[in-house]
Every structure is written in structure tokens, then in C-alpha cells.
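Next comes input-v9.txt, with compact mmCIF, C-alpha atoms.
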# COMPACT_ATOMS: atom_id res chain seq x y z
CA MET Q 19 -13.95 61.04 -63.07
CA ASN Q 20 -17.52 61.95 -63.89
CA HIS Q 21 -18.52 60.65 -67.33
CA LEU Q 22 -22.18 61.66 -67.14
CA ASN Q 23 -21.81 64.27 -69.89
CA ALA Q 24 -21.17 61.39 -72.31
CA TYR Q 25 -24.73 60.17 -71.75
CA ASP Q 26 -26.11 62.52 -74.37
CA ARG Q 27 -28.82 60.68 -76.34
CA PRO Q 28 -31.92 60.59 -74.13
CA GLY Q 29 -34.32 60.92 -77.05
CA PHE Q 30 -32.86 57.97 -78.94
CA PHE Q 31 -32.72 55.73 -75.88
CA TYR Q 32 -36.17 56.44 -74.54
CA LEU Q 33 -37.94 56.53 -77.91
CA TRP Q 34 -36.72 53.13 -79.12
CA SER Q 35 -36.93 51.60 -75.65
CA PHE Q 36 -40.63 52.43 -75.75
CA LEU Q 37 -41.58 51.87 -79.38
CA ILE Q 38 -40.12 48.38 -79.80
CA PRO Q 39 -41.70 46.91 -76.63
CA CYS Q 40 -44.97 48.71 -77.36
CA VAL Q 41 -45.28 47.17 -80.84
CA CYS Q 42 -44.25 43.71 -79.60
CA TRP Q 43 -46.58 43.74 -76.59
CA LEU Q 44 -49.58 45.12 -78.44
CA ALA Q 45 -49.13 42.34 -81.00
CA ALA Q 46 -48.75 39.76 -78.21
CA GLY Q 47 -51.89 41.10 -76.56
CA TYR Q 48 -53.83 40.84 -79.80
CA ILE Q 49 -52.71 37.23 -80.23
CA SER Q 50 -53.60 36.33 -76.64
CA ARG Q 51 -57.17 37.67 -76.93
CA THR Q 52 -58.09 36.64 -80.46
CA PRO Q 53 -59.87 33.27 -80.82
CA GLY Q 54 -57.90 31.06 -83.15
CA LEU Q 55 -54.70 33.03 -82.62
CA ASP Q 56 -54.46 32.43 -78.87
CA THR Q 57 -52.92 29.02 -79.58
CA HIS Q 58 -49.81 30.68 -81.06
CA THR Q 59 -48.06 30.70 -77.71
CA THR Q 60 -44.57 30.50 -79.21
CA LEU Q 61 -45.08 33.71 -81.19
CA GLN Q 62 -46.77 35.42 -78.27
CA GLY Q 63 -44.00 34.47 -75.85
CA THR Q 64 -41.27 35.42 -78.31
CA LEU Q 65 -42.80 38.87 -78.84
CA GLY Q 66 -42.98 39.31 -75.08
CA ILE Q 67 -39.29 38.54 -74.60
CA ILE Q 68 -38.20 40.71 -77.54
CA GLY Q 69 -40.08 43.62 -76.00
CA LEU Q 70 -38.51 43.00 -72.61
CA ALA Q 71 -34.99 42.79 -74.01
CA ALA Q 72 -35.30 45.73 -76.41
CA PRO Q 73 -34.19 48.51 -73.98
CA THR Q 74 -31.08 46.51 -73.09
CA ALA Q 75 -30.26 46.13 -76.78
CA VAL Q 76 -30.76 49.87 -77.33
CA ALA Q 77 -28.48 50.67 -74.38
CA ALA Q 78 -25.83 48.21 -75.63
CA TRP Q 79 -25.83 49.85 -79.06
CA LEU Q 80 -25.28 53.28 -77.48
CA PHE Q 81 -22.43 52.00 -75.31
CA LEU Q 82 -20.70 50.49 -78.33
CA GLN Q 83 -20.67 53.90 -80.00
CA LYS Q 84 -18.55 55.53 -77.30
CA PRO Q 85 -15.47 54.04 -75.59
CA VAL Q 86 -15.88 56.57 -72.77
CA LEU Q 87 -19.26 55.04 -71.94
CA LEU Q 88 -17.81 51.54 -71.85
CA ALA Q 89 -15.06 52.80 -69.55
CA ASP Q 90 -17.71 54.25 -67.26
CA LEU Q 91 -19.78 51.06 -67.38
CA LYS Q 92 -17.07 48.58 -66.43
CA PRO Q 93 -16.64 49.55 -62.73
CA ARG Q 94 -20.42 49.74 -62.33
CA LEU Q 95 -20.64 46.04 -63.20
CA SER Q 96 -18.19 45.10 -60.47
CA LEU Q 97 -19.50 43.73 -57.17
CA ARG Q 98 -16.79 45.56 -55.23
CA SER Q 99 -18.71 48.82 -54.96
CA ILE Q 100 -21.69 47.17 -53.26
CA ARG Q 101 -21.75 47.79 -49.52
CA LEU Q 102 -23.19 45.10 -47.27
CA ARG Q 103 -25.77 47.22 -45.46
CA TYR Q 104 -27.23 48.42 -48.75
CA LEU Q 105 -27.20 44.91 -50.17
CA LEU Q 106 -29.20 43.74 -47.16
CA ALA Q 107 -31.60 46.64 -47.69
CA ALA Q 108 -32.00 45.70 -51.36
CA VAL Q 109 -32.74 42.08 -50.47
CA PHE Q 110 -35.15 42.64 -47.59
CA ILE Q 111 -37.08 45.90 -48.13
CA GLY Q 112 -39.55 44.34 -50.58
CA PRO Q 113 -40.24 41.00 -48.83
CA VAL Q 114 -40.25 42.44 -45.30
CA THR Q 115 -42.68 45.24 -46.14
CA LEU Q 116 -44.97 42.67 -47.76
CA VAL Q 117 -44.99 40.44 -44.67
CA LEU Q 118 -45.61 43.46 -42.44
CA ALA Q 119 -48.44 44.58 -44.73
CA GLN Q 120 -50.05 41.15 -44.46
CA LEU Q 121 -49.72 41.26 -40.66
CA ILE Q 122 -51.36 44.69 -40.57
CA SER Q 123 -54.15 43.46 -42.83
CA LEU Q 124 -55.10 40.84 -40.22
CA ALA Q 125 -56.26 43.69 -37.97
CA PHE Q 126 -58.73 44.66 -40.70
CA GLY Q 127 -60.19 41.18 -40.95
CA TYR Q 128 -58.15 39.77 -43.80
CA SER Q 129 -57.30 36.08 -43.70
CA ALA Q 130 -54.06 34.56 -42.40
CA GLU Q 131 -54.31 32.33 -45.49
CA GLN Q 132 -52.24 35.08 -47.13
CA PHE Q 133 -49.15 33.60 -45.47
CA ARG Q 134 -49.55 30.36 -47.36
CA ILE Q 135 -46.68 29.75 -49.76
CA THR Q 136 -48.43 29.06 -53.04
CA GLY Q 137 -45.57 27.69 -55.11
CA HIS Q 138 -46.82 29.50 -58.20
CA PRO Q 139 -47.01 33.17 -59.25
CA SER Q 140 -50.26 35.13 -59.44
CA PHE Q 141 -50.03 35.47 -63.24
CA THR Q 142 -49.52 33.29 -66.30
CA SER Q 143 -47.36 33.68 -69.39
CA ALA Q 144 -47.06 32.07 -72.78
CA LEU Q 145 -44.10 29.86 -73.67
CA PHE Q 146 -41.94 30.82 -70.66
CA SER Q 147 -42.41 30.00 -66.99
CA PRO Q 148 -43.71 32.93 -64.93
CA TRP Q 149 -40.84 32.28 -62.49
CA LEU Q 150 -38.36 32.72 -65.34
CA LEU Q 151 -39.97 36.04 -66.26
CA LEU Q 152 -39.80 37.19 -62.64
CA VAL Q 153 -36.03 36.71 -62.84
CA LEU Q 154 -35.49 37.91 -66.40
CA ALA Q 155 -37.52 41.11 -66.04
CA PRO Q 156 -35.34 42.69 -63.30
CA LEU Q 157 -32.15 41.56 -65.01
CA LEU Q 158 -32.99 42.79 -68.51
CA GLU Q 159 -34.74 45.95 -67.38
CA GLU Q 160 -32.06 47.14 -64.99
CA LEU Q 161 -29.29 46.39 -67.47
CA ALA Q 162 -31.02 49.07 -69.55
CA TRP Q 163 -32.49 51.47 -66.99
CA HIS Q 164 -29.39 51.55 -64.79
CA SER Q 165 -26.73 51.32 -67.42
CA TYR Q 166 -27.94 54.19 -69.62
CA GLY Q 167 -31.51 55.25 -68.87
CA THR Q 168 -31.11 56.61 -65.34
CA ASP Q 169 -27.73 58.19 -66.04
CA VAL Q 170 -28.87 60.09 -69.09
CA LEU Q 171 -31.46 61.75 -66.83
CA LEU Q 172 -29.04 62.32 -63.95
CA ALA Q 173 -26.73 64.10 -66.38
CA ARG Q 174 -29.44 66.76 -66.79
CA TYR Q 175 -31.65 66.82 -63.71
CA ARG Q 176 -31.64 66.62 -59.94
CA LEU Q 177 -32.29 63.13 -58.61
CA ILE Q 178 -35.83 63.99 -57.50
CA THR Q 179 -36.69 65.27 -60.98
CA ALA Q 180 -35.01 62.34 -62.72
CA ASN Q 181 -36.96 59.94 -60.52
CA LEU Q 182 -40.30 61.53 -61.35
CA LEU Q 183 -39.54 61.62 -65.08
CA PHE Q 184 -38.46 58.00 -65.09
CA PHE Q 185 -41.50 56.93 -63.06
CA ALA Q 186 -43.84 58.55 -65.62
CA TYR Q 187 -42.00 56.85 -68.48
CA TRP Q 188 -41.81 53.48 -66.75
CA PHE Q 189 -45.50 53.52 -65.92
CA LEU Q 190 -46.41 54.23 -69.55
CA TRP Q 191 -43.91 51.57 -70.65
CA HIS Q 192 -45.84 48.93 -68.65
CA ILE Q 193 -49.29 49.84 -70.02
CA PRO Q 194 -49.14 47.64 -73.18
CA LEU Q 195 -48.57 44.61 -70.92
CA ALA Q 196 -52.11 45.09 -69.58
CA GLY Q 197 -53.41 43.88 -72.94
CA ILE Q 198 -51.71 40.47 -72.71
CA LYS Q 199 -54.14 37.96 -71.26
CA GLY Q 200 -52.99 36.47 -67.96
CA TYR Q 201 -50.11 38.89 -67.40
CA TYR Q 202 -49.68 40.65 -64.04
CA GLN Q 203 -50.72 44.05 -65.40
CA ALA Q 204 -53.80 42.56 -67.09
CA ASN Q 205 -54.81 40.97 -63.79
CA LEU Q 206 -54.43 44.32 -62.03
CA VAL Q 207 -56.91 45.90 -64.43
CA ALA Q 208 -59.36 43.06 -63.76
CA GLU Q 209 -59.02 43.50 -59.97
CA GLY Q 210 -60.27 47.09 -60.04
CA TRP Q 211 -59.14 50.67 -60.49
CA GLN Q 212 -57.81 51.01 -56.94
CA HIS Q 213 -55.20 48.33 -57.59
CA GLY Q 214 -54.12 50.05 -60.78
CA VAL Q 215 -53.70 53.29 -58.83
CA ASN Q 216 -51.77 51.41 -56.16
CA PHE Q 217 -49.47 49.95 -58.81
CA MET Q 218 -48.74 53.49 -59.97
CA ALA Q 219 -48.15 54.78 -56.42
CA SER Q 220 -45.91 51.83 -55.57
CA MET Q 221 -43.82 52.51 -58.68
CA VAL Q 222 -43.08 56.05 -57.47
CA CYS Q 223 -41.74 54.71 -54.16
CA PHE Q 224 -39.95 51.86 -55.94
CA VAL Q 225 -38.07 54.20 -58.29
CA PHE Q 226 -36.99 56.55 -55.49
CA ILE Q 227 -35.77 53.75 -53.21
CA MET Q 228 -34.03 51.87 -56.02
CA ASN Q 229 -32.18 54.96 -57.22
CA TRP Q 230 -31.18 55.80 -53.65
CA LEU Q 231 -29.57 52.35 -53.43
CA TYR Q 232 -28.03 52.84 -56.87
CA LEU Q 233 -26.28 56.08 -55.96
CA LYS Q 234 -25.27 54.90 -52.49
CA ASN Q 235 -23.33 52.11 -54.19
CA ALA Q 236 -21.41 54.21 -56.72
CA ARG Q 237 -24.02 53.69 -59.47
CA ASN Q 238 -23.69 49.92 -59.26
CA ILE Q 239 -26.11 48.20 -61.62
CA TRP Q 240 -26.34 44.94 -59.68
CA ILE Q 241 -27.76 46.60 -56.57
CA ALA Q 242 -30.73 47.75 -58.69
CA VAL Q 243 -31.11 44.25 -60.13
CA VAL Q 244 -31.12 42.71 -56.65
CA PHE Q 245 -33.70 45.17 -55.30
CA HIS Q 246 -35.99 44.67 -58.29
CA LEU Q 247 -35.56 40.90 -58.25
CA CYS Q 248 -36.20 40.44 -54.53
CA ALA Q 249 -39.25 42.71 -54.63
CA ASN Q 250 -40.66 40.74 -57.57
CA LEU Q 251 -40.05 37.32 -56.04
CA GLY Q 252 -41.20 38.43 -52.57
CA ASN Q 253 -44.50 39.64 -53.93
CA GLU Q 254 -45.22 36.30 -55.59
CA ILE Q 255 -44.26 33.83 -52.86
CA PHE Q 256 -47.39 34.19 -50.71
CA ALA Q 257 -51.11 34.10 -51.43
CA THR Q 258 -51.20 37.83 -50.74
CA HIS Q 259 -54.56 39.60 -50.88
CA PRO Q 260 -54.39 42.51 -53.38
CA ASP Q 261 -55.45 44.93 -50.65
CA SER Q 262 -52.37 44.02 -48.61
CA LYS Q 263 -50.27 45.39 -51.44
CA ILE Q 264 -51.97 48.74 -50.90
CA ILE Q 265 -50.79 48.60 -47.29
CA GLN Q 266 -47.32 47.69 -48.53
CA THR Q 267 -47.28 50.82 -50.66
CA GLY Q 268 -48.06 52.81 -47.53
CA LEU Q 269 -45.04 51.25 -45.84
CA PHE Q 270 -42.92 52.07 -48.90
CA ALA Q 271 -44.13 55.68 -48.60
CA ILE Q 272 -43.02 55.83 -44.96
CA ILE Q 273 -39.56 54.53 -45.91
CA LEU Q 274 -39.37 57.03 -48.75
CA ALA Q 275 -40.39 59.96 -46.52
CA TRP Q 276 -37.64 58.98 -44.08
CA LEU Q 277 -35.08 58.70 -46.88
CA ILE Q 278 -35.92 62.08 -48.36
CA GLY Q 279 -35.67 63.69 -44.93
CA LYS Q 280 -32.32 62.00 -44.27
CA GLU Q 281 -30.86 62.47 -47.76
CA LYS Q 282 -32.02 65.93 -48.82
CA ALA Q 283 -28.71 66.76 -50.47
CA LEU Q 284 -28.78 63.56 -52.51
CA PHE Q 285 -32.31 64.11 -53.81
CA LEU Q 286 -32.21 67.87 -54.33
CA HIS Q 287 -28.87 68.37 -56.08
CA THR Q 288 -27.62 67.25 -59.45
CA LEU Q 289 -25.27 64.29 -59.55
CA SER Q 290 -22.52 66.48 -61.02
CA GLN Q 291 -22.69 68.64 -57.88
CA GLN Q 292 -22.11 65.51 -55.79
CA ASP Q 293 -19.36 64.16 -58.07
CA GLY Q 294 -21.40 61.05 -58.84
CA GLU Q 295 -20.47 59.23 -55.64
CA ASN Q 296 -22.48 59.06 -52.42
CA PRO Q 297 -21.01 56.99 -49.61

Could I get this file's structure written as C-alpha cells?
Amino acid sequence: MNHLNAYDRPGFFYLWSFLIPCVCWLAAGYISRTPGLDTHTTLQGTLGIIGLAAPTAVAAWLFLQKPVLLADLKPRLSLRSIRLRYLLAAVFIGPVTLVLAQLISLAFGYSAEQFRITGHPSFTSALFSPWLLLVLAPLLEELAWHSYGTDVLLARYRLITANLLFFAYWFLWHIPLAGIKGYYQANLVAEGWQHGVNFMASMVCFVFIMNWLYLKNARNIWIAVVFHLCANLGNEIFATHPDSKIIQTGLFAIILAWLIGKEKALFLHTLSQQDGENP
């Protein structure tokens, strides 16, 4: 049974999922960059986590209002609907494209030092380990985006339109993080405009590929978590040159072009037309 019509509060979900993190992260950014306040790491870190968890809390509140939504959610939290080939794709697409990008970069004179396993992420964070954030971010985000956020768009739009709308929102949602000293997004700004543009381009590909996996596994939330998690961890294992990540985005684009060509019906029709399931 298709329960997508029950996902009927897009304004509430997306407004509060943006406002709460925005306020928390702007405050955390102010603390991190203000002499005398930058020592308040506990407050800064707490604000960061509250912002990260806010969309999940908003989604949980909406689910508790409607039993039909909880009934729809339960099978999507089961591991049974995940198919092995898609699980392997979710695990390996991010790390493998990164390694290939680094190999390609060698032809352009970049150093093989990129393949060195650093043992520490490329960013810092207050209060919490960056490794913990790399795990928490995919978990907390996808429990919001792929429990309620994606579905409330799929109830109204074709997949291709829903993807583009979510990409625009998700990109704006990340912007306040650029103000927090030491965070990944802040480091991107410091590296130069081209890396900020690449981050935006990579997000487009990321959203399309992740939602393809999501629908191919009966809207299973964990497949999105795994894809997001493995991409995050894969991108932080090596001493990757920032320019190699531009090459990686190109590889993502090739994969996406192939997927759109292969799955035109999936991307160009509404989910209701496909009955919500895509084997």
C-alpha cells in the first residue's frame, strides 16, 4: 500500500529542519571565531550536535502525529528489503571513486602521497571527535531526510524534480557550517571558490545516486545511511588532494549519467505511478 499521501507537511518539516540548525550553527560559529569565547568548546559542540539532530527530532514529531506514518516507517527500518548488490554499491561507490580519482590525478602530476592513510580527518570539531561526527552525521541526517524529508517531496514530484529541490535545500542547509572554525565546510571556503563549487556539484550527484539506491531498496532508510557513511569515511581516510575530489565528482557525474539513461522511468515518473517499489 502506498502511504505517500500521508506525508503532507512539507512546509513544517523543511522550515524547522532549517531554522533550528541555522540558529545553532550560526551561534556555534560566532563562539568559534570570537576571542575569549572560543574556549567555550562544550557550548560550541553542544550547539553543533543540537543542530545536527534537529531534523530527526522534527521528523519524529511528525511521525508520532499519524499512526499511518509509523506503519509506513516500520518496514523501511528493516534490513530485509536491502538487496546485496545495492548494498555493495552503497559501500563501495564513494571509496572506489575516490581511489580512482587519486590514480587519475597522478597523470596530472599530483603526488602519490595522497594514498597515505592519515589516521585523522581533514577537519576539527569542538567537544566531539571528528570521527564520531563522520558517523553521527549520516545516521542523524538520513533518519530525517529519508524517513520524512524525501518522501514528502516524492509524494508531490517526479524523482528528478524531488532530487533537485532537495539538493538546493541541502546545500543551503550546510552553509551555516562554513562559519564554524575548523569544520569541513569552513575549510572548503578557505581552499578556494572552485572547491566550494565542486562541493555543490558533488552534492547533486550524491543526492541522485543516494535516492536511486533508496528507491531500489523499497525506500529503505539504512541503505541511504550506509551510502552516506561510507562516502564520508572514504573521503577522510587518505591524504587526498582537494583537486582529486574534483576528479571524483566527474566520476560521480559519469555514474549518474549512466543511471539516468538506464532508469529513465524511475527518474521521470512520480513514485505513485510506480507504486513506490522499484526492484

Computed gap from atom CA of Leu95 of chain Q to atom CA of Tyr175 of chain Q is 23.5 Å

For Leu190 of chain Q, which of Q:Leu150, Q:Ala77, Q:Thr168, Q:Phe217 is the closest residue, counting all atoms listed in the file?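 Among Q:Leu150, Q:Ala77, Q:Thr168, Q:Phe217, it is Q:Phe217 that comes nearest to Leu190 of chain Q.
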
Q:Trp149, Q:Asp261, Q:Phe285, Q:Ala249: which is nearest Pro113 of chain Q, counting all atoms listed in the file?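 Looking only at the distances to Pro113 of chain Q, the closest residue turns out to be Q:Ala249.
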
Counting all atoms listed in the file, which residue out of Q:His246, Q:Arg103, Q:Lys280, Q:His21 sits closest to Ala155 of chain Q?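 Checking each of Q:His246, Q:Arg103, Q:Lys280, Q:His21 against Ala155 of chain Q, counting all atoms listed in the file, the winner is Q:His246.
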
Can you tell me which residues surround Gly47 of chain Q at a distance of at most 9 Å, considering all atoms listed in the file, apart from same-chain residues fewer than 2 positions away, and format the answer as an mmCIF file with C-alpha atoms, keeping the file's coordinate frame?
data_model
loop_
_atom_site.group_PDB
_atom_site.id
_atom_site.type_symbol
_atom_site.label_atom_id
_atom_site.label_comp_id
_atom_site.auth_asym_id
_atom_site.auth_seq_id
_atom_site.Cartn_x
_atom_site.Cartn_y
_atom_site.Cartn_z
ATOM 1 C CA CYS Q 42 -44.250 43.710 -79.600
ATOM 2 C CA TRP Q 43 -46.580 43.740 -76.590
ATOM 3 C CA LEU Q 44 -49.580 45.120 -78.440
ATOM 4 C CA ALA Q 45 -49.130 42.340 -81.000
ATOM 5 C CA ILE Q 49 -52.710 37.230 -80.230
ATOM 6 C CA SER Q 50 -53.600 36.330 -76.640
ATOM 7 C CA ARG Q 51 -57.170 37.670 -76.930
ATOM 8 C CA THR Q 52 -58.090 36.640 -80.460
ATOM 9 C CA GLN Q 62 -46.770 35.420 -78.270
ATOM 10 C CA PRO Q 194 -49.140 47.640 -73.180
ATOM 11 C CA LEU Q 195 -48.570 44.610 -70.920
ATOM 12 C CA ALA Q 196 -52.110 45.090 -69.580
ATOM 13 C CA GLY Q 197 -53.410 43.880 -72.940
ATOM 14 C CA ILE Q 198 -51.710 40.470 -72.710
ATOM 15 C CA LYS Q 199 -54.140 37.960 -71.260
#

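Nearest residue to Asn229 of chain Q among Q:Gly167, Q:Gly252, Q:Gly279, Q:Gly200 is Q:Gly167, counting only C-alpha atoms.
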